[in-house]
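Coordinates as given in input.cif (mmCIF, C-alpha atoms):
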data_target
#
loop_
_atom_site.group_PDB
_atom_site.id
_atom_site.type_symbol
_atom_site.label_atom_id
_atom_site.label_comp_id
_atom_site.auth_asym_id
_atom_site.auth_seq_id
_atom_site.Cartn_x
_atom_site.Cartn_y
_atom_site.Cartn_z
ATOM 1 C CA MET V 1158 37.739 -48.343 137.355
ATOM 2 C CA VAL V 1159 37.166 -45.589 134.809
ATOM 3 C CA MET V 1160 40.320 -46.498 132.911
ATOM 4 C CA LEU V 1161 39.494 -50.198 133.041
ATOM 5 C CA LEU V 1162 36.014 -49.652 131.602
ATOM 6 C CA MET V 1163 37.273 -47.294 128.915
ATOM 7 C CA ASN V 1164 39.976 -49.770 127.952
ATOM 8 C CA ILE V 1165 37.518 -52.650 127.703
ATOM 9 C CA GLY V 1166 35.259 -50.401 125.634
ATOM 10 C CA VAL V 1167 38.179 -49.726 123.291
ATOM 11 C CA GLU V 1168 39.188 -53.372 122.995
ATOM 12 C CA TYR V 1169 35.869 -55.213 123.023
ATOM 13 C CA GLY V 1170 33.032 -52.705 122.711
ATOM 14 C CA THR V 1171 30.276 -51.587 125.035
ATOM 15 C CA LYS V 1172 28.423 -54.917 125.106
ATOM 16 C CA LYS V 1173 31.454 -56.778 126.493
ATOM 17 C CA THR V 1174 32.069 -53.989 129.005
ATOM 18 C CA MET V 1175 28.820 -54.889 130.760
ATOM 19 C CA SER V 1176 30.522 -57.947 132.282
ATOM 20 C CA ALA V 1177 33.262 -55.826 133.861
ATOM 21 C CA GLN V 1178 30.662 -53.268 134.902
ATOM 22 C CA LEU V 1179 28.647 -55.982 136.659
ATOM 23 C CA GLY V 1180 31.848 -57.105 138.399
ATOM 24 C CA ALA V 1181 32.470 -53.536 139.575
ATOM 25 C CA SER V 1182 28.865 -53.216 140.743
ATOM 26 C CA SER V 1183 29.223 -56.496 142.643
ATOM 27 C CA ALA V 1184 32.358 -55.171 144.352
ATOM 28 C CA TYR V 1185 30.588 -51.964 145.348
ATOM 29 C CA LEU V 1186 27.574 -53.942 146.557
ATOM 30 C CA ILE V 1187 29.872 -56.056 148.741
ATOM 31 C CA SER V 1188 31.440 -52.851 150.116
ATOM 32 C CA LEU V 1189 28.000 -51.403 150.802
ATOM 33 C CA LEU V 1190 26.893 -54.577 152.574
ATOM 34 C CA ILE V 1191 30.042 -54.563 154.702
ATOM 35 C CA PHE V 1192 29.261 -50.970 155.613
ATOM 36 C CA ALA V 1193 25.574 -51.738 156.265
ATOM 37 C CA VAL V 1194 26.334 -54.478 158.785
ATOM 38 C CA GLY V 1195 28.906 -52.299 160.539
ATOM 39 C CA LEU V 1196 32.085 -54.118 159.579
ATOM 40 C CA THR V 1197 33.794 -51.075 158.071
ATOM 41 C CA SER V 1198 35.053 -49.809 161.423
ATOM 42 C CA LEU V 1199 36.276 -53.321 162.259
ATOM 43 C CA ILE V 1200 38.186 -53.507 158.956
ATOM 44 C CA GLN V 1201 39.597 -49.998 159.346
ATOM 45 C CA SER V 1202 40.783 -50.794 162.873
ATOM 46 C CA HIS V 1203 42.948 -53.637 161.514
ATOM 47 C CA ILE V 1204 45.686 -51.729 159.742
ATOM 48 C CA ILE V 1205 47.258 -54.949 158.449
ATOM 49 C CA LEU V 1206 44.063 -55.845 156.588
ATOM 50 C CA VAL V 1207 43.770 -52.345 155.132
ATOM 51 C CA LYS V 1208 47.445 -52.420 154.062
ATOM 52 C CA PHE V 1209 46.971 -55.867 152.501
ATOM 53 C CA VAL V 1210 44.025 -54.628 150.424
ATOM 54 C CA GLN V 1211 46.078 -51.575 149.471
ATOM 55 C CA ILE V 1212 49.069 -53.711 148.381
ATOM 56 C CA VAL V 1213 46.833 -56.032 146.355
ATOM 57 C CA GLY V 1214 45.159 -53.027 144.725
ATOM 58 C CA VAL V 1215 48.441 -51.299 143.890
ATOM 59 C CA SER V 1216 49.916 -54.544 142.540
ATOM 60 C CA TYR V 1217 46.902 -55.197 140.354
ATOM 61 C CA ILE V 1218 46.953 -51.650 138.963
ATOM 62 C CA ILE V 1219 50.686 -51.960 138.189
ATOM 63 C CA TYR V 1220 49.922 -55.237 136.385
ATOM 64 C CA LEU V 1221 47.209 -53.462 134.347
ATOM 65 C CA ALA V 1222 49.677 -50.641 133.531
ATOM 66 C CA TYR V 1223 52.184 -53.224 132.300
ATOM 67 C CA LYS V 1224 49.544 -54.888 130.112
ATOM 68 C CA GLN V 1225 48.644 -51.494 128.620
ATOM 69 C CA TRP V 1226 52.294 -50.774 127.848
ATOM 70 C CA ILE V 1227 52.710 -54.161 126.152
ATOM 71 C CA THR V 1228 49.486 -53.668 124.169
ATOM 72 C CA ALA V 1229 50.870 -50.363 122.864
ATOM 73 C CA ASN V 1230 53.702 -52.297 121.211
ATOM 74 C CA HIS V 1231 51.481 -54.914 119.566
ATOM 75 C CA ILE V 1232 49.371 -53.349 116.893
ATOM 76 C CA PRO V 1233 47.499 -56.014 114.940
ATOM 77 C CA ASN V 1234 47.043 -55.484 111.177
ATOM 78 C CA GLY V 1235 48.409 -51.934 111.250
ATOM 79 C CA GLY V 1236 45.855 -50.772 113.779
ATOM 80 C CA VAL V 1237 43.032 -51.755 116.070
ATOM 81 C CA SER V 1238 39.470 -52.142 115.023
ATOM 82 C CA MET V 1239 36.653 -53.959 116.695
ATOM 83 C CA GLY V 1240 36.950 -57.682 116.094
ATOM 84 C CA HIS V 1241 40.733 -57.847 115.594
ATOM 85 C CA ILE V 1242 41.494 -58.319 119.265
ATOM 86 C CA ALA V 1243 41.297 -61.843 120.648
ATOM 87 C CA GLU V 1244 38.063 -62.678 122.382
ATOM 88 C CA VAL V 1245 37.917 -62.667 126.149
ATOM 89 C CA SER V 1246 35.431 -64.534 128.296
ATOM 90 C CA THR V 1247 32.570 -62.812 130.069
ATOM 91 C CA PHE V 1248 33.781 -64.409 133.305
ATOM 92 C CA LYS V 1249 37.279 -62.947 132.893
ATOM 93 C CA LEU V 1250 35.882 -59.458 132.302
ATOM 94 C CA TYR V 1251 33.542 -59.827 135.298
ATOM 95 C CA ASN V 1252 36.536 -60.800 137.438
ATOM 96 C CA ARG V 1253 38.535 -57.784 136.216
ATOM 97 C CA GLY V 1254 35.750 -55.474 137.357
ATOM 98 C CA LEU V 1255 35.292 -57.337 140.641
ATOM 99 C CA ILE V 1256 39.000 -57.404 141.533
ATOM 100 C CA THR V 1257 39.477 -53.761 140.571
ATOM 101 C CA GLY V 1258 36.488 -52.733 142.693
ATOM 102 C CA LEU V 1259 37.404 -54.881 145.709
ATOM 103 C CA SER V 1260 41.064 -53.895 145.674
ATOM 104 C CA ASN V 1261 40.222 -50.245 146.221
ATOM 105 C CA PRO V 1262 39.959 -49.572 149.960
ATOM 106 C CA LYS V 1263 38.612 -46.095 149.205
ATOM 107 C CA SER V 1264 35.143 -47.542 148.651
ATOM 108 C CA PHE V 1265 35.045 -48.731 152.281
ATOM 109 C CA VAL V 1266 36.229 -45.333 153.458
ATOM 110 C CA MET V 1267 33.746 -43.489 151.248
ATOM 111 C CA PHE V 1268 30.768 -45.569 152.322
ATOM 112 C CA SER V 1269 31.680 -45.316 155.998
ATOM 113 C CA THR V 1270 32.199 -41.550 155.939
ATOM 114 C CA VAL V 1271 29.755 -40.216 153.345
ATOM 115 C CA ILE V 1272 26.629 -42.318 153.818
ATOM 116 C CA PRO V 1273 26.273 -41.710 157.593
ATOM 117 C CA GLN V 1274 25.957 -37.988 156.890
ATOM 118 C CA PHE V 1275 22.618 -38.723 155.207
ATOM 119 C CA THR V 1276 21.295 -41.224 157.736
ATOM 120 C CA ASN V 1277 20.752 -39.164 160.864
ATOM 121 C CA ASN V 1278 17.478 -40.764 161.930
ATOM 122 C CA PRO V 1279 18.056 -44.249 163.446
ATOM 123 C CA SER V 1280 14.464 -45.285 162.732
ATOM 124 C CA THR V 1281 14.901 -44.780 158.978
ATOM 125 C CA ARG V 1282 18.577 -45.800 158.744
ATOM 126 C CA VAL V 1283 17.923 -49.081 156.877
ATOM 127 C CA VAL V 1284 15.649 -47.360 154.370
ATOM 128 C CA ASP V 1285 18.059 -44.416 153.964
ATOM 129 C CA VAL V 1286 21.105 -46.662 153.453
ATOM 130 C CA SER V 1287 19.128 -48.806 150.995
ATOM 131 C CA ILE V 1288 18.009 -45.800 148.941
ATOM 132 C CA LEU V 1289 21.504 -44.290 148.933
ATOM 133 C CA SER V 1290 23.077 -47.636 148.021
ATOM 134 C CA ILE V 1291 20.678 -48.316 145.160
ATOM 135 C CA THR V 1292 21.119 -44.762 143.886
ATOM 136 C CA PHE V 1293 24.902 -45.105 144.027
ATOM 137 C CA LEU V 1294 24.863 -48.460 142.225
ATOM 138 C CA ILE V 1295 22.608 -47.132 139.453
ATOM 139 C CA LEU V 1296 24.706 -43.991 138.967
ATOM 140 C CA GLN V 1297 27.940 -45.983 139.089
ATOM 141 C CA PHE V 1298 26.596 -48.396 136.487
ATOM 142 C CA LEU V 1299 25.416 -45.606 134.173
ATOM 143 C CA SER V 1300 28.718 -43.740 134.445
ATOM 144 C CA GLY V 1301 30.591 -46.961 133.687
ATOM 145 C CA VAL V 1302 28.471 -47.490 130.586
ATOM 146 C CA THR V 1303 29.227 -43.915 129.527
ATOM 147 C CA TYR V 1304 32.976 -44.507 129.901
ATOM 148 C CA SER V 1305 32.782 -47.723 127.900
ATOM 149 C CA ILE V 1306 30.836 -45.978 125.111
ATOM 150 C CA PHE V 1307 33.503 -43.279 125.075
ATOM 151 C CA GLY V 1308 36.151 -46.005 124.880
ATOM 152 C CA GLN V 1309 34.366 -47.588 121.946
ATOM 153 C CA TYR V 1310 34.113 -44.183 120.249
ATOM 154 C CA VAL V 1311 37.839 -43.610 120.718
ATOM 155 C CA SER V 1312 38.608 -47.046 119.258
ATOM 156 C CA SER V 1313 37.988 -45.694 115.762
ATOM 157 C CA LEU V 1314 41.064 -43.484 116.209
ATOM 158 C CA LEU V 1315 43.174 -46.527 116.957
ATOM 159 C CA THR V 1316 43.368 -47.624 113.336
ATOM 160 C CA ASN V 1317 46.252 -45.166 113.225
ATOM 161 C CA GLU V 1318 49.427 -46.673 114.733
ATOM 162 C CA LYS V 1319 50.489 -43.333 116.237
ATOM 163 C CA TYR V 1320 47.198 -42.873 118.132
ATOM 164 C CA HIS V 1321 47.185 -46.513 119.195
ATOM 165 C CA LYS V 1322 50.579 -46.267 120.858
ATOM 166 C CA MET V 1323 49.807 -42.861 122.338
ATOM 167 C CA LEU V 1324 46.516 -44.005 123.906
ATOM 168 C CA TYR V 1325 47.859 -47.244 125.371
ATOM 169 C CA ARG V 1326 51.018 -45.638 126.702
ATOM 170 C CA THR V 1327 48.977 -42.787 128.198
ATOM 171 C CA MET V 1328 46.643 -45.323 129.822
ATOM 172 C CA SER V 1329 49.680 -47.199 131.149
ATOM 173 C CA PHE V 1330 51.163 -43.999 132.568
ATOM 174 C CA LEU V 1331 47.845 -42.988 134.185
ATOM 175 C CA LEU V 1332 47.433 -46.431 135.749
ATOM 176 C CA LEU V 1333 50.957 -46.243 137.124
ATOM 177 C CA LEU V 1334 50.192 -42.783 138.516
ATOM 178 C CA VAL V 1335 47.035 -44.140 140.204
ATOM 179 C CA ALA V 1336 49.085 -46.995 141.687
ATOM 180 C CA ILE V 1337 51.632 -44.530 143.081
ATOM 181 C CA LEU V 1338 48.880 -42.349 144.565
ATOM 182 C CA LEU V 1339 47.250 -45.391 146.200
ATOM 183 C CA ALA V 1340 50.603 -46.613 147.524
ATOM 184 C CA VAL V 1341 51.443 -43.363 149.307
ATOM 185 C CA LYS V 1342 48.049 -43.064 151.027
#

With the file now loaded, output its structure as structure tokens.
Amino acid sequence: MVMLLMNIGVEYGTKKTMSAQLGASSAYLISLLIFAVGLTSLIQSHIILVKFVQIVGVSYIIYLAYKQWITANHIPNGGVSMGHIAEVSTFKLYNRGLITGLSNPKSFVMFSTVIPQFTNNPSTRVVDVSILSITFLILQFLSGVTYSIFGQYVSSLLTNEKYHKMLYRTMSFLLLLVAILLAVK
């Protein structure tokens, strides 16, 4: 998610990143709701479903790595600057964030293992889970905005062909590494 938001910040700026960030927040909200109604243990007990989500996630990350590699080879007008990259719809960016967030089974695992540690009292469980969920969503959103701002800041370096290729190939390599790490878990 971090790499996706930074990349969108590089390509389209912070304002456009908000759509992907909202997609990611929606994915995390869905994960939190699944946890809140107790479906996490049901999902985790069906290894085929977990493996399917893992395969979809790994495939999508490999696709993103490929797109980064291709982008490294296509440098418009001698470099990248805001406004030279083709426009992308808000809906498409929202979907990128949503798919990336939903295809990561670690969110289910995290919410089912971390949150219960802070909800010991059954009488306040709903309130505790709500407070923790809202806090997580706010912090996740703010960190995503920070990554997109950093991506936009880095975009000024991309007017140089050397830095452009280096950044996009590095992003491609890191995405591929993430895909490999997800595949072996």

Pull out every residue that the PyMOL selection byres ((chain V and resi 1254) around 6) matches in the shown coordinates and put them as a short mmCIF file (atom, residue, chain, number, x, y, z; two decimals) with C-alpha atoms, in the frame of the given file.
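Once everything was written out, this is part_11.cif:
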data_model
loop_
_atom_site.label_atom_id
_atom_site.label_comp_id
_atom_site.auth_asym_id
_atom_site.auth_seq_id
_atom_site.Cartn_x
_atom_site.Cartn_y
_atom_site.Cartn_z
CA ALA V 1177 33.26 -55.83 133.86
CA GLY V 1180 31.85 -57.10 138.40
CA ALA V 1181 32.47 -53.54 139.57
CA TYR V 1251 33.54 -59.83 135.30
CA ASN V 1252 36.54 -60.80 137.44
CA ARG V 1253 38.53 -57.78 136.22
CA LEU V 1255 35.29 -57.34 140.64
CA ILE V 1256 39.00 -57.40 141.53
CA THR V 1257 39.48 -53.76 140.57
#

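Across the model, the gap from atom CA of Leu1259 of chain V to atom CA of Ile1187 of chain V is 8.2 Å.
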
Margin query: Can you spell out as a ChimeraX atom specification the set of residues that the PyMOL selection byres ((chain V and resi 1308) around 6) selects in the structure I just provided?
Written below: /V:1163,1166-1167,1305-1307,1309-1311

Notebook entry, point to check: Applied to this file, what does the PyMOL selection byres ((chain V and resi 1226-1230) around 9) return in terms of residues, put as number ranges by chain?
Noted result: V: 1221-1225, 1231-1232, 1321-1330

Next item on the list: Tell me, as a ChimeraX atom specification, which residues lie within 9 Å of Ile1212 of chain V, counting all atoms listed in the file; anything in the same chain fewer than 5 positions away does not count.
Entry: /V:1207,1217,1260,1339-1340

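Nearest to Asp1285 of chain V of all the residues V:Gln1211, V:Met1158, V:Ile1272, V:Thr1247 is V:Ile1272, counting all atoms listed in the file.
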
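Proximity of V:Val1213, V:Leu1206, V:Ile1218, V:Met1175 to Met1160 of chain V, computed with only C-alpha atoms, is greatest for V:Ile1218.
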
Margin query: Could you tell me how far atom CA of Val1335 of chain V sits from atom CA of Pro1273 of chain V, in Å to one decimal place?
Written below: 27.2 Å

Check: Which residue gives the smallest distance to Lys1249 of chain V among V:Ile1165, V:Leu1333, V:Val1159, V:Ile1295, with all atoms listed in the file counted?
Finding: V:Ile1165

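For Ser1188 of chain V, the non-local neighbours within 8 Å, defined as residues at least 4 positions apart in the same chain or in other chains and counting all atoms listed in the file, are Ala1184, Phe1192, Leu1259, Ser1264, Phe1265 and Phe1268 of chain V.
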
Please produce a file of those selected residues containing C-alpha atoms, as a PDB file, in the frame of the given file.
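Once everything was written out, this is again_22.pdb:
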ATOM      1  CA  ALA V1184      32.358 -55.171 144.352  1.00  0.00           C
ATOM      2  CA  PHE V1192      29.261 -50.970 155.613  1.00  0.00           C
ATOM      3  CA  LEU V1259      37.404 -54.881 145.709  1.00  0.00           C
ATOM      4  CA  SER V1264      35.143 -47.542 148.651  1.00  0.00           C
ATOM      5  CA  PHE V1265      35.045 -48.731 152.281  1.00  0.00           C
ATOM      6  CA  PHE V1268      30.768 -45.569 152.322  1.00  0.00           C
TER       7      PHE V1268
END

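Separating atom CA of Gly1170 of chain V from atom CA of Ser1290 of chain V is a distance of 27.7 Å.
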
Next item on the list: Skip Ser1182 of chain V itself and residues of its chain fewer than 3 positions away, then list as a VMD selection string all residues within 7 Å of it, counting only C-alpha atoms.
Entry: chain V and resid 1178 to 1179 1185 to 1186 1294 1298

Next item on the list: Name the closest residue to Phe1293 of chain V among the candidates V:Val1271, V:Ile1337, V:Ile1191, V:Lys1319; distances are taken between atoms, counting all atoms listed in the file.
Entry: V:Val1271
